[in-house]
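Q: Pasting in a structure now, in structure tokens, and then I'll have a few things to ask.
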Amino acid sequence: MESLVYIALFAPFVGSLFAALFGMSQRQIFVGVVASTLLFISFLASAFLAANLFITGEVINVTMMDWINAGDFNVAFGFTVDQISVTMMTVVTLVSTVVHIYAIGYMDHDKSFNRFFSYLSAFVFSMMVLVMSDNFLGLFIGWEGVGVCSWLLVGFWYHKPDQTREENPSISPSWAANEAFIMNRIADLGMLIGIFILFWNTGSVQYDEVFAQLPYLSDTVLIGAAIALFIGAMGKSAQFPLHTWLTDAMEGPTPVSALIHAATMVTAGVFLVIRANPLYGMEAVEGVSFFIASLGTFVAFYAASMALVERDLKRIIAYSTLSQLGYMFAAAGLGAYWIALFHLAAHAFFKALLFLGGGNVMHAMHDELDLFKMGNLKKKMRGTWIYMGVASVALAGLPPLAGFFSKDPIIETAFNEGSYVLWAMLVVTAGMTAFYSFRQVFLTFHGEDRHTPLGFHPHEMYKFVLIAMSPLAVLAIIFGFAKETYHEFITKLAPDYVMSDATHHVAIYLIILVMAIVISAIAFAYFKYARTGEHAFKRDEKVENGFFYKLLKNQYYVPKFYEEFITKPYMMASEVFWTKVDLKIVDATVDGIAKFFYNTGDKTRAMQTGNLSNYLNWMAFGGVILLVIAAISAILG
């Protein structure tokens, strides 16, 4: 089985190297096929490992080599395949395989096709290192690796011109990539501090060794480590206030959005909390865990509210990702770790499907993303319409699709814990999710044709692309039925969570309430946007001029706040330090010293005349100076 571990881990790495080595080749399709095949091999290896673990229950630990040996500090480059890691391995490799195949069609006209596949496979390798590592340092290496690859992929179209938010809300890829990178580096400092705290107090960074010593640590240490690690999770999973980078990252190619910003990297923060559940489950850390649940609930509500008025197709899906991440953190913070991980997996399937469907629409509309410039596309793009419809039903949480079985238990968990404010917010968020999900479907595929007068002639993408998307559609439909089996599987490692008898008795009423709100929201979206006629889609100027519309459209003015009170002051301070300190003090000092020695050398060069009598005069002068120094020393002595 160890060989399967290495195959699952290194197959994406080989694919990245292959694409890089053939970077100047014109055989683009060949490179894409090879990279996709290697990803599929990685998926097969992960699936075999998952099946073996399910049947035998045997956790596989592999030590590849010694990594760091410094005194008593020893860290091996090791990997573990347990219930938590193998879930992530299977999800990551499956979605990555689909996205790689999809990208062959989506990026076929791009001049940097091979570079894109090299970056994409490198990202998958980094993600596998992150989820498979058996220690915090290995996790951090993968953590930073996916950060670098995300920066490369979001800024892949770096040639697009820079624009500020004031000039255009759709900022440049380079700006978006830098924003994501810098904001995550801020959060990663917190994560590093958390790792340092754990190492300082346990002497190890190995998961099993650290977790075994947690009961012997002080409450202050436990709380400090939990907070610091969660700060890192906040950045990677785009939790408030480190959230603005996620929607801006939509400037990258759509396959990047589907893989990184829907199914894999953005869930790394949730994975970290689930992986560190022995820490977050400690009684001393209950306050931190409840804060995680509260923040997750707030983000779920906050992101869903902004999606209600958004017109950009990809940004709506990005907001929905942000909102669903909030649901995951809500479950994890309330101690329902297996429910959080189950929703993570289910969400990966239907959200990647939704993003790829959005990519089909974007491709057909020549990169146009404004919903109000679409309409009635189902006649031209029936396959994409079906896929996005399935994904939207799953996202809305309607039975019997996967989203119902994974998201509804999170809402039920909040009720079970007596956190009725969180429960109410999650219920309202479910209604908003259903509304904006179907709003985008109705505006895109239904109503009257608004794209033909604008000169668009949409058509479906390649058939192999639609076929590649099929596994995600199937899983979005059937994955929820594996809930109980997965519950039994994952709780062999992660803490179990069951509903109380009181909650169990009222569960059906809770479900009916949520379903009533969800169906009402869908019906409202239908009557508002799916009917033909100009009134069905034309913007209501009175509403758009209203306070709440502007508040939501401008993302509660949080990006504006960052721009005015952080970015601009920082740029002004940098300019002052550059012009006043760097140029006039630092540079002037360094240049002055250099000039002094240059002038001194220039003057002393006159001594080298080649005239013997001149040299004797200088020697006599030097002798006199030495005698004077000796005399002064004798007097003072």
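Letters A, B, ... go to the chains of the structure tokens in the order shown; residues in each chain start at 1; ligands are counted from 1 in the same order.
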Please report as a Markdown table every residue of region 127-207 of chain A lying within 9 Å of region 253-262 of chain A, along with the nearest atom pair and their distance in Å (one decimal), using only C-alpha atoms.

A:
| residue | atom | partner | partner_atom | distance |
| --- | --- | --- | --- | --- |
| A:Val146 | CA | A:Ile260 | CA | 8.7 |
| A:Ser150 | CA | A:Ile260 | CA | 7.2 |
| A:Leu153 | CA | A:Val256 | CA | 6.6 |
| A:Val154 | CA | A:Pro253 | CA | 7.1 |
| A:Gly155 | CA | A:Pro253 | CA | 8.9 |
| A:Phe156 | CA | A:Pro253 | CA | 7.6 |
| A:Trp157 | CA | A:Pro253 | CA | 8.0 |

Q: With a distance cut-off of 8 Å and only C-alpha atoms, select the neighbouring residues of region 234-245 of chain A, excluding the residue or stretch itself and same-chain residues fewer than 2 positions from it, and output the selection as a PyMOL selection string.

A: chain A and resi 176+179-180+183-184+186-188+230-232+247-249+265-270+295-296+299+322+325-326+559

Q: What is the CA of Val558 (chain A) to CA of Gly546 (chain A) distance in Å?

A: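 CA of Val558 (chain A) sits 18.3 Å away from CA of Gly546 (chain A).
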
Q: Excluding same-chain residues fewer than 3 positions from region 57-68 of chain A, what lies within 12 Å of it counting only C-alpha atoms, as a PyMOL selection string?

A: chain A and resi 1-6+9+49-54+71-86+132-135+137-138+204-208+488-493

Q: Give the helix (DSSP H, G or I) residues of region 203-409 of chain A, as DSSP finds them on the backbone, and put them as JSON, numbers by chain.

A: {"A": [207, 208, 209, 210, 211, 212, 213, 214, 215, 216, 219, 220, 221, 222, 223, 224, 225, 226, 227, 228, 229, 230, 231, 232, 233, 234, 235, 236, 244, 245, 246, 247, 248, 249, 250, 251, 254, 255, 256, 257, 258, 259, 260, 261, 262, 263, 265, 266, 267, 268, 269, 270, 271, 272, 273, 274, 275, 277, 278, 279, 280, 283, 284, 285, 286, 287, 288, 289, 290, 291, 292, 293, 294, 295, 296, 297, 298, 299, 300, 301, 302, 303, 304, 305, 306, 307, 313, 314, 315, 316, 317, 318, 319, 320, 321, 322, 323, 324, 325, 326, 327, 328, 329, 330, 331, 332, 333, 337, 338, 339, 340, 341, 342, 343, 344, 345, 346, 347, 348, 349, 350, 351, 352, 353, 354, 355, 356, 357, 358, 359, 360, 361, 362, 363, 364, 371, 372, 373, 377, 378, 379, 382, 383, 384, 385, 386, 387, 388, 389, 390, 391, 392, 393, 394, 395, 396, 402, 403, 404, 405, 406, 407, 408, 409]}

Q: Can you pull out the residues contacting Glu368 (chain A)? Cut-off 12 Å, using only C-alpha atoms, and skip same-chain residues under 2 positions away; I want them as a PyMOL selection string.

A: chain A and resi 170+311-314+358-366+370-374+444+451+454-458

Q: What's around Val309 (chain A) at 8 Å? Count only C-alpha atoms, leave out sequence neighbours fewer than 6 positions away in its own chain, and write the answer as a PDB file with C-alpha atoms, in the first residue's frame.

A:
ATOM      1  CA  TYR A 549     -28.926  47.741  -2.453  1.00  0.00           C
ATOM      2  CA  LEU A 552     -24.812  44.967  -0.645  1.00  0.00           C
ATOM      3  CA  LYS A 553     -23.511  45.925  -4.092  1.00  0.00           C
TER       4      LYS A 553
END

Q: Set the distance at 10 Å and use only C-alpha atoms: which residues neighbour Ile467 (chain A) once local chain neighbours fewer than 5 positions away are removed? I'd like the list as a list in words.

A: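 My list of contacting residues is Val98, Ile101, Tyr102, Gly383 and Tyr462 of chain A.
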
Q: Write out as a PDB file with N, CA, C and O atoms, in the first residue's frame the residues lying within 7 Å of Val514 (chain A), counting only C-alpha atoms and excluding same-chain residues fewer than 4 positions away.

A:
ATOM      1  N   VAL A 427     -30.811  29.401   8.779  1.00  0.00           N
ATOM      2  CA  VAL A 427     -32.068  29.144   8.068  1.00  0.00           C
ATOM      3  C   VAL A 427     -32.338  30.254   7.054  1.00  0.00           C
ATOM      4  O   VAL A 427     -32.690  29.995   5.888  1.00  0.00           O
ATOM      5  N   LEU A 510     -38.256  20.950  11.635  1.00  0.00           N
ATOM      6  CA  LEU A 510     -37.169  21.847  11.240  1.00  0.00           C
ATOM      7  C   LEU A 510     -36.919  21.751   9.734  1.00  0.00           C
ATOM      8  O   LEU A 510     -36.720  22.763   9.058  1.00  0.00           O
ATOM      9  N   VAL A 518     -36.936  27.672   1.510  1.00  0.00           N
ATOM     10  CA  VAL A 518     -36.152  27.470   0.287  1.00  0.00           C
ATOM     11  C   VAL A 518     -37.058  27.475  -0.944  1.00  0.00           C
ATOM     12  O   VAL A 518     -36.774  28.149  -1.952  1.00  0.00           O
TER      13      VAL A 518
END

Q: Measuring between only C-alpha atoms, which one of A:Phe290, A:Phe524, A:Phe48, A:Tyr529 shows the shortest distance to Glu448 (chain A)?

A: A:Tyr529

Q: Using only C-alpha atoms, find each residue in region 332-365 of chain A having at least one atom no more than 7 Å away from region 401-407 of chain A; report its shortest atom-to-atom pair and that distance in Å (one decimal), rows by chain then rising number, as a tab-separated table.

A:
residue	atom	partner	partner_atom	distance
A:Ile339	CA	A:Ser406	CA	6.8
A:Phe342	CA	A:Ser406	CA	6.2
A:His343	CA	A:Ser406	CA	4.6
A:Ala346	CA	A:Ala402	CA	6.0
A:His347	CA	A:Gly403	CA	7.0

Q: Just to be explicit: take each residue in the selection above, keep N, CA and C atoms, and write the result as a CSV table (one decimal), in the first residue's frame.

A:
chain,number,residue,atom,x,y,z
A,339,ILE,N,-19.7,16.1,10.1
A,339,ILE,CA,-20.7,16.8,9.3
A,339,ILE,C,-20.1,17.8,8.4
A,342,PHE,N,-18.2,16.1,5.7
A,342,PHE,CA,-19.2,15.6,4.7
A,342,PHE,C,-19.7,16.7,3.8
A,343,HIS,N,-20.0,17.8,4.4
A,343,HIS,CA,-20.5,19.0,3.5
A,343,HIS,C,-19.3,19.5,2.7
A,346,ALA,N,-19.3,17.1,-0.3
A,346,ALA,CA,-20.5,17.3,-1.2
A,346,ALA,C,-20.4,18.6,-1.9
A,347,HIS,N,-20.0,19.6,-1.2
A,347,HIS,CA,-19.9,21.0,-1.8
A,347,HIS,C,-18.9,21.0,-2.9

Q: Nearest to Ser174 (chain A) among A:Glu310, A:Val393, A:Gly252, A:Val210, with distances taken over only C-alpha atoms: which residue is it?

A: A:Gly252

Q: Calculated over only C-alpha atoms, which of the candidates A:Thr56, A:Gln440, A:Thr297, A:Thr485 has the smallest distance to Gly357 (chain A)?

A: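 Smallest separation from Gly357 (chain A) among the options: A:Gln440.
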
Q: For the structure I just gave you, how does DSSP split region 128-368 of chain A - specifically, which residues are strand (DSSP E or B)? Reply as a ChimeraX atom specification.

A: /A:133,135,206,312

Q: Could you take the residues named above and write them with all heavy atoms, as an mmCIF file, in the first residue's frame?

A:
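This is the output file part_15.cif:
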data_model
loop_
_atom_site.group_PDB
_atom_site.id
_atom_site.type_symbol
_atom_site.label_atom_id
_atom_site.label_comp_id
_atom_site.auth_asym_id
_atom_site.auth_seq_id
_atom_site.Cartn_x
_atom_site.Cartn_y
_atom_site.Cartn_z
ATOM 1 N N SER A 133 0.189 15.103 4.894
ATOM 2 C CA SER A 133 1.282 15.203 5.857
ATOM 3 C C SER A 133 0.849 14.713 7.232
ATOM 4 O O SER A 133 -0.305 14.863 7.640
ATOM 5 C CB SER A 133 1.766 16.650 5.941
ATOM 6 O OG SER A 133 2.800 16.771 6.897
ATOM 7 N N ASN A 135 2.374 15.827 9.992
ATOM 8 C CA ASN A 135 2.861 16.798 10.969
ATOM 9 C C ASN A 135 2.524 18.214 10.512
ATOM 10 O O ASN A 135 2.218 18.449 9.342
ATOM 11 C CB ASN A 135 4.369 16.645 11.187
ATOM 12 C CG ASN A 135 5.168 16.924 9.938
ATOM 13 O OD1 ASN A 135 5.445 18.070 9.595
ATOM 14 N ND2 ASN A 135 5.532 15.858 9.217
ATOM 15 N N GLN A 206 4.597 16.543 15.287
ATOM 16 C CA GLN A 206 3.842 15.396 14.794
ATOM 17 C C GLN A 206 2.432 15.435 15.368
ATOM 18 O O GLN A 206 2.249 15.669 16.569
ATOM 19 C CB GLN A 206 4.517 14.087 15.205
ATOM 20 C CG GLN A 206 5.890 13.869 14.597
ATOM 21 C CD GLN A 206 5.826 13.606 13.113
ATOM 22 O OE1 GLN A 206 6.538 14.224 12.341
ATOM 23 N NE2 GLN A 206 4.956 12.683 12.717
ATOM 24 N N ASP A 312 -22.496 39.696 -11.801
ATOM 25 C CA ASP A 312 -21.391 38.940 -12.378
ATOM 26 C C ASP A 312 -21.556 37.463 -12.024
ATOM 27 O O ASP A 312 -21.588 37.098 -10.842
ATOM 28 C CB ASP A 312 -20.056 39.481 -11.854
ATOM 29 C CG ASP A 312 -18.856 38.824 -12.502
ATOM 30 O OD1 ASP A 312 -18.706 37.594 -12.381
ATOM 31 O OD2 ASP A 312 -18.053 39.540 -13.128
#

Q: How many Å separate CA of Val129 (chain A) from CA of Ile141 (chain A)?

A: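 Spanning CA of Val129 (chain A) to CA of Ile141 (chain A) is a straight-line distance of 7.6 Å.
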
Q: Quick one: of A:Tyr327, A:Phe355, A:Phe479, A:Phe565, who's nearest to Ile410 (chain A), counting only C-alpha atoms?

A: A:Tyr327

Q: Which one of A:Met128, A:Val95, A:Leu139, A:Ala331 sits closest to Ala8 (chain A) if you count only C-alpha atoms?

A: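 Closest residue, counting only C-alpha atoms: A:Met128.
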